[in-house]
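Beneath this line is the structure, given in structure tokens, with notes to follow.
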Amino acid sequence: MKVLLLVGLGALFFAYYWDDNFDPASLQGARVLLTGASVGVGEELAYHYARLGSHLVLTAHTEALLQKVVGNCRKLGAPKVFYIAADMASPEVPERVVQFALDKLGGLDYLVMNHLGAAPAGTRGRSAQATRWLMQALGSAPAPSGLRFLLRPVTRSRHLQMNFLSYVQLTSLALPSLTDSKGSLVVVSSLLGRVPTSFSSPYSAAKFALDSFFGSLRRELDVQDVNVAITMCVLGLQDRASAAEGVRGVTRAKAAPGPKAALAVIRGSATRASGVFYPWRFHLLCLLRGWMPQPRAWFIRQELNITTPAAA
């Protein structure tokens, strides 16, 4: 049975990755709005799109870093590159960013959401405190009713606004243009949005919310015959200083290389795949979660720097 199971899983992954009809020419002239474009996977996404001849609007918090990326994209051959420095933790920013992109590009073929707010990681106390803060922010908002409620000004924490609400706002605002172009929504998320782990409850809560929201939205679009693809990208730890610092001393996981992760996102979204997993083993971990919903503490400790207290 174990052999059959391994053979079956191998066949599944072989079929999943072999069926790749990616055509680089399909991205030539594509109109792309990319968030979180100044560092890490976002920066590498910008460079891949530039090489493929896409028209770009890039946004991130730090203008100096954006200017550097824009300059590199022009050297790599991007026909049009614009940027707008913006902080997605501010509720009014998504509307300004989308309108800027529509004005500069005349429409959108891809909305690639990659921005990330800092999330605490570390001791149990810090995690509990941050979760309490997040839940209080949720409780201050009125009950949701469709996409329109996200455009009303309500009291939100920066973490919640950055890591969840801004994604939904951007989607709501860009969806009419993407519907016209039969375009794609690309959500760069994390394994922690599929498989919960220790000491990451605020971050995991936001990522699980993204997975649930866009999974539901995909079904709604299908029912309404709206030809907009949604690609959820499950990536590992990003290879940038802020991400590494946030989990220093907590996890043994190594950062995934940005260029390869970005290329996986590009290929998956261009072929309108529903999911992208990088590294590939993350797909297996997501499947295993359904079979082992309550993993033993020993298994969890293999990814965390936790020592078991000595017996008294």
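In the structure tokens, chains take the letters A, B, ... in the order shown, each chain's residues start at 1, and ligands count up from 1 in the order shown.
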
Polymer residues at most 10 Å from Lys75 in chain A, only C-alpha atoms, same-chain spacing of 5 or more positions, as a PyMOL selection string: chain A and resi 47+50-51+69-70

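We find CA of Asn227 in chain A and CA of Gly183 in chain A to be spaced 7.4 Å apart.
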
Near-Leu178 in chain A list (9 Å; only C-alpha atoms; drop same-chain fewer than 5 positions) as a ChimeraX atom specification: /A:107-111,183-185,227-228

Non-local contacts of Gly268 in chain A (12 Å; only C-alpha atoms; under 3 positions in same chain excluded) as a compact mmCIF listing (two decimals) with all heavy atoms, in the first residue's frame:
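Now in out-v9.txt:
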# COMPACT_ATOMS: atom_id res chain seq x y z
N TYR A 16 0.94 17.03 -12.98
CA TYR A 16 0.70 18.43 -12.63
C TYR A 16 1.75 19.34 -13.26
O TYR A 16 1.42 20.41 -13.80
CB TYR A 16 0.70 18.58 -11.11
CG TYR A 16 0.44 20.00 -10.63
CD1 TYR A 16 -0.86 20.48 -10.55
CD2 TYR A 16 1.49 20.83 -10.26
CE1 TYR A 16 -1.11 21.77 -10.10
CE2 TYR A 16 1.26 22.13 -9.82
CZ TYR A 16 -0.04 22.58 -9.73
OH TYR A 16 -0.28 23.86 -9.30
N TYR A 17 2.99 18.94 -13.21
CA TYR A 17 4.06 19.80 -13.70
C TYR A 17 4.38 19.58 -15.18
O TYR A 17 4.94 20.45 -15.83
CB TYR A 17 5.33 19.63 -12.85
CG TYR A 17 5.19 20.30 -11.51
CD1 TYR A 17 4.89 19.57 -10.38
CD2 TYR A 17 5.33 21.69 -11.39
CE1 TYR A 17 4.75 20.20 -9.15
CE2 TYR A 17 5.18 22.32 -10.17
CZ TYR A 17 4.89 21.56 -9.06
OH TYR A 17 4.74 22.18 -7.85
N ASP A 19 2.14 19.06 -17.60
CA ASP A 19 1.14 19.73 -18.42
C ASP A 19 1.35 21.24 -18.33
O ASP A 19 0.67 21.96 -17.62
CB ASP A 19 -0.27 19.35 -17.92
CG ASP A 19 -1.36 19.92 -18.83
OD1 ASP A 19 -1.05 20.27 -19.97
OD2 ASP A 19 -2.51 20.00 -18.36
N ASP A 20 2.32 21.72 -19.08
CA ASP A 20 2.69 23.13 -19.03
C ASP A 20 2.69 23.69 -20.44
O ASP A 20 3.58 23.39 -21.25
CB ASP A 20 4.09 23.26 -18.40
CG ASP A 20 4.50 24.73 -18.25
OD1 ASP A 20 3.71 25.61 -18.64
OD2 ASP A 20 5.61 24.96 -17.75
N ASN A 21 1.69 24.48 -20.77
CA ASN A 21 1.59 25.06 -22.11
C ASN A 21 1.93 26.54 -22.09
O ASN A 21 1.34 27.35 -22.80
CB ASN A 21 0.17 24.86 -22.67
CG ASN A 21 -0.91 25.44 -21.76
OD1 ASN A 21 -0.62 25.85 -20.64
ND2 ASN A 21 -2.13 25.49 -22.25
N PHE A 22 2.90 26.90 -21.26
CA PHE A 22 3.31 28.30 -21.12
C PHE A 22 3.88 28.82 -22.43
O PHE A 22 4.79 28.24 -23.02
CB PHE A 22 4.34 28.43 -20.01
CG PHE A 22 4.96 29.80 -19.91
CD1 PHE A 22 4.16 30.91 -19.70
CD2 PHE A 22 6.33 29.97 -20.02
CE1 PHE A 22 4.72 32.19 -19.60
CE2 PHE A 22 6.90 31.23 -19.92
CZ PHE A 22 6.09 32.34 -19.72
N ASP A 23 3.35 29.96 -22.88
CA ASP A 23 3.81 30.61 -24.10
C ASP A 23 4.32 32.00 -23.72
O ASP A 23 3.52 32.90 -23.44
CB ASP A 23 2.67 30.73 -25.11
CG ASP A 23 3.10 31.45 -26.39
OD1 ASP A 23 4.31 31.63 -26.59
OD2 ASP A 23 2.20 31.82 -27.17
N PRO A 24 5.65 32.21 -23.69
CA PRO A 24 6.18 33.52 -23.30
C PRO A 24 5.62 34.67 -24.13
O PRO A 24 5.46 35.78 -23.63
CB PRO A 24 7.69 33.35 -23.52
CG PRO A 24 7.94 31.88 -23.42
CD PRO A 24 6.71 31.24 -24.00
N SER A 184 -6.45 38.18 -15.48
CA SER A 184 -6.12 37.27 -14.38
C SER A 184 -5.84 38.02 -13.09
O SER A 184 -5.20 39.08 -13.10
CB SER A 184 -4.87 36.45 -14.74
OG SER A 184 -5.11 35.60 -15.84
N LEU A 185 -6.30 37.44 -12.00
CA LEU A 185 -5.94 37.86 -10.65
C LEU A 185 -4.89 36.89 -10.14
O LEU A 185 -5.09 35.67 -10.18
CB LEU A 185 -7.16 37.81 -9.73
CG LEU A 185 -8.23 38.88 -9.93
CD1 LEU A 185 -9.54 38.43 -9.28
CD2 LEU A 185 -7.78 40.19 -9.34
N VAL A 186 -3.77 37.42 -9.67
CA VAL A 186 -2.68 36.58 -9.17
C VAL A 186 -2.42 36.97 -7.72
O VAL A 186 -2.10 38.13 -7.44
CB VAL A 186 -1.41 36.76 -10.02
CG1 VAL A 186 -0.33 35.78 -9.56
CG2 VAL A 186 -1.72 36.58 -11.50
N VAL A 187 -2.56 36.01 -6.82
CA VAL A 187 -2.42 36.26 -5.39
C VAL A 187 -1.20 35.51 -4.88
O VAL A 187 -1.19 34.27 -4.87
CB VAL A 187 -3.67 35.82 -4.62
CG1 VAL A 187 -3.54 36.19 -3.14
CG2 VAL A 187 -4.92 36.45 -5.22
N VAL A 188 -0.16 36.23 -4.51
CA VAL A 188 1.04 35.60 -3.95
C VAL A 188 0.84 35.44 -2.46
O VAL A 188 0.81 36.40 -1.70
CB VAL A 188 2.29 36.45 -4.25
CG1 VAL A 188 3.53 35.79 -3.64
CG2 VAL A 188 2.46 36.64 -5.75
N ALA A 229 -9.41 34.65 -14.56
CA ALA A 229 -8.72 33.57 -13.86
C ALA A 229 -8.21 34.06 -12.51
O ALA A 229 -7.86 35.22 -12.35
CB ALA A 229 -7.56 33.05 -14.70
N ILE A 230 -8.18 33.16 -11.54
CA ILE A 230 -7.60 33.44 -10.23
C ILE A 230 -6.53 32.40 -9.95
O ILE A 230 -6.83 31.20 -9.92
CB ILE A 230 -8.66 33.43 -9.12
CG1 ILE A 230 -9.71 34.52 -9.36
CG2 ILE A 230 -8.00 33.62 -7.75
CD1 ILE A 230 -10.82 34.55 -8.32
N THR A 231 -5.30 32.85 -9.77
CA THR A 231 -4.19 31.94 -9.49
C THR A 231 -3.67 32.22 -8.08
O THR A 231 -3.17 33.31 -7.80
CB THR A 231 -3.05 32.14 -10.50
OG1 THR A 231 -3.53 31.87 -11.82
CG2 THR A 231 -1.89 31.20 -10.19
N MET A 232 -3.82 31.24 -7.19
CA MET A 232 -3.30 31.34 -5.83
C MET A 232 -1.91 30.73 -5.80
O MET A 232 -1.72 29.58 -6.19
CB MET A 232 -4.21 30.61 -4.84
CG MET A 232 -5.58 31.23 -4.66
SD MET A 232 -5.54 32.88 -3.93
CE MET A 232 -4.77 32.55 -2.34
N CYS A 233 -0.93 31.51 -5.34
CA CYS A 233 0.46 31.07 -5.34
C CYS A 233 0.91 30.80 -3.91
O CYS A 233 0.95 31.71 -3.08
CB CYS A 233 1.35 32.14 -5.98
SG CYS A 233 0.81 32.59 -7.65
N VAL A 234 1.24 29.56 -3.64
CA VAL A 234 1.66 29.13 -2.30
C VAL A 234 3.18 29.05 -2.29
O VAL A 234 3.76 28.09 -2.83
CB VAL A 234 1.02 27.77 -1.93
CG1 VAL A 234 1.47 27.33 -0.55
CG2 VAL A 234 -0.50 27.86 -2.00
N ALA A 261 11.13 31.29 -7.72
CA ALA A 261 9.76 31.40 -7.24
C ALA A 261 8.95 32.33 -8.14
O ALA A 261 7.79 32.05 -8.47
CB ALA A 261 9.76 31.92 -5.80
N ALA A 262 9.56 33.44 -8.55
CA ALA A 262 8.87 34.39 -9.43
C ALA A 262 8.54 33.76 -10.77
O ALA A 262 7.46 33.98 -11.33
CB ALA A 262 9.72 35.63 -9.61
N LEU A 263 9.46 32.97 -11.31
CA LEU A 263 9.20 32.32 -12.59
C LEU A 263 8.05 31.33 -12.48
O LEU A 263 7.23 31.21 -13.41
CB LEU A 263 10.46 31.61 -13.08
CG LEU A 263 10.36 30.95 -14.46
CD1 LEU A 263 9.98 31.97 -15.53
CD2 LEU A 263 11.67 30.26 -14.82
N ALA A 264 7.96 30.62 -11.35
CA ALA A 264 6.84 29.71 -11.14
C ALA A 264 5.52 30.47 -11.13
O ALA A 264 4.52 30.01 -11.70
CB ALA A 264 7.03 28.95 -9.83
N VAL A 265 5.50 31.64 -10.51
CA VAL A 265 4.30 32.48 -10.49
C VAL A 265 3.94 32.93 -11.90
O VAL A 265 2.77 32.89 -12.32
CB VAL A 265 4.50 33.69 -9.57
CG1 VAL A 265 3.33 34.68 -9.69
CG2 VAL A 265 4.66 33.25 -8.12
N THR A 271 -0.67 30.60 -17.69
CA THR A 271 -1.44 29.45 -18.16
C THR A 271 -2.78 29.34 -17.44
O THR A 271 -3.49 28.35 -17.60
CB THR A 271 -0.65 28.15 -17.98
OG1 THR A 271 -0.26 28.01 -16.60
CG2 THR A 271 0.60 28.16 -18.84
N ARG A 272 -3.10 30.35 -16.61
CA ARG A 272 -4.38 30.44 -15.90
C ARG A 272 -4.60 29.25 -14.96
O ARG A 272 -5.72 28.76 -14.79
CB ARG A 272 -5.55 30.60 -16.88
CG ARG A 272 -5.40 31.81 -17.78
CD ARG A 272 -6.45 31.87 -18.85
NE ARG A 272 -7.73 32.37 -18.36
CZ ARG A 272 -8.06 33.65 -18.23
NH1 ARG A 272 -7.17 34.59 -18.54
NH2 ARG A 272 -9.25 34.00 -17.80
N ALA A 273 -3.50 28.78 -14.37
CA ALA A 273 -3.60 27.70 -13.39
C ALA A 273 -4.28 28.20 -12.13
O ALA A 273 -4.14 29.36 -11.75
CB ALA A 273 -2.20 27.17 -13.05
N SER A 274 -5.03 27.33 -11.48
CA SER A 274 -5.72 27.74 -10.25
C SER A 274 -4.76 27.83 -9.07
O SER A 274 -5.00 28.58 -8.12
CB SER A 274 -6.84 26.75 -9.92
OG SER A 274 -6.31 25.45 -9.71
N GLY A 275 -3.64 27.08 -9.12
CA GLY A 275 -2.70 27.10 -8.02
C GLY A 275 -1.26 26.95 -8.49
O GLY A 275 -0.98 26.29 -9.49
N VAL A 276 -0.35 27.60 -7.78
CA VAL A 276 1.08 27.47 -8.00
C VAL A 276 1.72 27.14 -6.66
O VAL A 276 1.42 27.80 -5.65
CB VAL A 276 1.70 28.78 -8.56
CG1 VAL A 276 3.22 28.71 -8.55
CG2 VAL A 276 1.18 29.05 -9.96
N PHE A 277 2.58 26.13 -6.62
CA PHE A 277 3.26 25.72 -5.40
C PHE A 277 4.76 25.78 -5.63
O PHE A 277 5.29 25.14 -6.54
CB PHE A 277 2.85 24.31 -4.99
CG PHE A 277 1.38 24.16 -4.68
CD1 PHE A 277 0.47 23.91 -5.70
CD2 PHE A 277 0.91 24.30 -3.38
CE1 PHE A 277 -0.88 23.79 -5.42
CE2 PHE A 277 -0.43 24.18 -3.10
CZ PHE A 277 -1.33 23.93 -4.13
N TYR A 278 5.45 26.57 -4.80
CA TYR A 278 6.90 26.63 -4.90
C TYR A 278 7.49 26.78 -3.50
O TYR A 278 7.13 27.72 -2.78
CB TYR A 278 7.38 27.79 -5.78
CG TYR A 278 8.86 27.70 -6.04
CD1 TYR A 278 9.35 26.98 -7.12
CD2 TYR A 278 9.77 28.29 -5.18
CE1 TYR A 278 10.72 26.86 -7.34
CE2 TYR A 278 11.13 28.18 -5.38
CZ TYR A 278 11.59 27.45 -6.46
OH TYR A 278 12.94 27.31 -6.66

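Of the listed residues (A:Ala85, A:Leu66, A:Leu33, A:Val39), A:Leu33 comes nearest to Leu102 in chain A; the distances count only C-alpha atoms.
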
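Here CA of Lys260 in chain A is placed at a distance of 13.5 Å from CA of Tyr49 in chain A.
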
Cys73 in chain A environment, 12 Å, only C-alpha atoms, sequence neighbours closer than 2 positions dropped, as a ChimeraX atom specification: /A:37-38,43-58,66-71,75-83

Store the residues picked out above in a file with N, CA, C and O atoms, as a compact mmCIF listing (two decimals), in the first residue's frame.
# COMPACT_ATOMS: atom_id res chain seq x y z
N ALA A 37 6.59 45.46 -5.36
CA ALA A 37 7.52 45.23 -6.47
C ALA A 37 8.94 45.68 -6.21
O ALA A 37 9.77 45.63 -7.11
N SER A 38 9.25 46.11 -5.01
CA SER A 38 10.56 46.72 -4.78
C SER A 38 11.64 45.75 -4.31
O SER A 38 12.83 46.03 -4.46
N GLU A 43 10.24 42.01 -6.83
CA GLU A 43 11.26 42.58 -7.71
C GLU A 43 11.58 41.63 -8.86
O GLU A 43 11.69 42.05 -10.03
N GLU A 44 11.72 40.34 -8.55
CA GLU A 44 12.02 39.36 -9.59
C GLU A 44 10.85 39.21 -10.56
O GLU A 44 11.06 38.99 -11.76
N LEU A 45 9.62 39.31 -10.07
CA LEU A 45 8.47 39.29 -10.96
C LEU A 45 8.54 40.44 -11.96
O LEU A 45 8.28 40.27 -13.15
N ALA A 46 8.88 41.63 -11.46
CA ALA A 46 8.99 42.79 -12.34
C ALA A 46 10.02 42.54 -13.43
O ALA A 46 9.79 42.87 -14.61
N TYR A 47 11.15 41.94 -13.09
CA TYR A 47 12.20 41.70 -14.07
C TYR A 47 11.77 40.65 -15.11
O TYR A 47 12.07 40.79 -16.30
N HIS A 48 11.08 39.61 -14.66
CA HIS A 48 10.58 38.61 -15.61
C HIS A 48 9.58 39.24 -16.58
O HIS A 48 9.66 39.01 -17.80
N TYR A 49 8.64 40.01 -16.06
CA TYR A 49 7.66 40.66 -16.94
C TYR A 49 8.35 41.60 -17.92
O TYR A 49 7.97 41.70 -19.09
N ALA A 50 9.37 42.32 -17.45
CA ALA A 50 10.10 43.25 -18.31
C ALA A 50 10.77 42.50 -19.46
O ALA A 50 10.70 42.93 -20.62
N ARG A 51 11.43 41.39 -19.16
CA ARG A 51 12.10 40.60 -20.20
C ARG A 51 11.10 40.08 -21.24
O ARG A 51 11.44 39.92 -22.42
N LEU A 52 9.86 39.81 -20.78
CA LEU A 52 8.84 39.25 -21.66
C LEU A 52 8.07 40.33 -22.42
O LEU A 52 7.16 40.01 -23.19
N GLY A 53 8.41 41.60 -22.19
CA GLY A 53 7.80 42.67 -22.97
C GLY A 53 6.47 43.16 -22.46
O GLY A 53 5.68 43.73 -23.24
N SER A 54 6.18 43.01 -21.18
CA SER A 54 4.91 43.47 -20.62
C SER A 54 4.98 44.96 -20.29
O SER A 54 6.06 45.51 -20.04
N HIS A 55 3.82 45.60 -20.28
CA HIS A 55 3.70 46.98 -19.81
C HIS A 55 3.41 46.94 -18.31
O HIS A 55 2.51 46.22 -17.88
N LEU A 56 4.13 47.74 -17.53
CA LEU A 56 4.11 47.58 -16.08
C LEU A 56 3.72 48.85 -15.34
O LEU A 56 4.16 49.94 -15.71
N VAL A 57 2.93 48.67 -14.30
CA VAL A 57 2.80 49.66 -13.23
C VAL A 57 3.24 48.96 -11.96
O VAL A 57 2.66 47.94 -11.57
N LEU A 58 4.28 49.49 -11.33
CA LEU A 58 4.85 48.89 -10.13
C LEU A 58 4.52 49.76 -8.93
O LEU A 58 4.56 50.99 -9.01
N LEU A 66 11.78 51.48 -5.56
CA LEU A 66 10.98 51.37 -6.78
C LEU A 66 11.70 51.97 -7.98
O LEU A 66 11.67 51.40 -9.08
N GLN A 67 12.31 53.11 -7.79
CA GLN A 67 13.02 53.77 -8.89
C GLN A 67 14.15 52.89 -9.42
O GLN A 67 14.38 52.83 -10.64
N LYS A 68 14.83 52.20 -8.52
CA LYS A 68 15.89 51.28 -8.95
C LYS A 68 15.32 50.15 -9.79
O LYS A 68 15.86 49.80 -10.86
N VAL A 69 14.21 49.57 -9.35
CA VAL A 69 13.59 48.46 -10.08
C VAL A 69 13.09 48.94 -11.44
O VAL A 69 13.24 48.25 -12.46
N VAL A 70 12.48 50.13 -11.48
CA VAL A 70 11.99 50.68 -12.74
C VAL A 70 13.14 50.84 -13.74
O VAL A 70 13.03 50.48 -14.92
N GLY A 71 14.27 51.38 -13.28
CA GLY A 71 15.43 51.54 -14.14
C GLY A 71 15.92 50.21 -14.70
O GLY A 71 16.25 50.09 -15.89
N LYS A 75 16.02 48.67 -18.70
CA LYS A 75 17.21 48.08 -19.30
C LYS A 75 16.92 46.67 -19.84
O LYS A 75 17.54 46.23 -20.82
N LEU A 76 15.99 45.97 -19.19
CA LEU A 76 15.65 44.61 -19.60
C LEU A 76 14.67 44.57 -20.77
O LEU A 76 14.35 43.49 -21.27
N GLY A 77 14.18 45.73 -21.19
CA GLY A 77 13.35 45.77 -22.39
C GLY A 77 11.88 46.03 -22.21
O GLY A 77 11.11 45.92 -23.17
N ALA A 78 11.44 46.37 -21.00
CA ALA A 78 10.02 46.67 -20.81
C ALA A 78 9.62 47.88 -21.64
O ALA A 78 10.25 48.94 -21.54
N PRO A 79 8.59 47.78 -22.48
CA PRO A 79 8.22 48.91 -23.33
C PRO A 79 7.65 50.09 -22.56
O PRO A 79 7.86 51.24 -22.94
N LYS A 80 6.91 49.82 -21.47
CA LYS A 80 6.36 50.87 -20.63
C LYS A 80 6.49 50.46 -19.17
O LYS A 80 6.12 49.33 -18.81
N VAL A 81 7.03 51.34 -18.35
CA VAL A 81 7.14 51.08 -16.92
C VAL A 81 6.79 52.36 -16.16
O VAL A 81 7.41 53.40 -16.39
N PHE A 82 5.81 52.26 -15.29
CA PHE A 82 5.43 53.38 -14.43
C PHE A 82 5.48 52.89 -12.98
O PHE A 82 5.41 51.69 -12.72
N TYR A 83 5.59 53.82 -12.06
CA TYR A 83 5.57 53.42 -10.66
C TYR A 83 4.79 54.43 -9.84
O TYR A 83 4.66 55.61 -10.21

From A:Arg74, A:His115, A:Phe100, A:Ser90, residue lying nearest Thr35 in chain A [only C-alpha atoms]: A:His115

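Between CA of Val93 in chain A and CA of Glu220 in chain A there is a distance of 26.0 Å.
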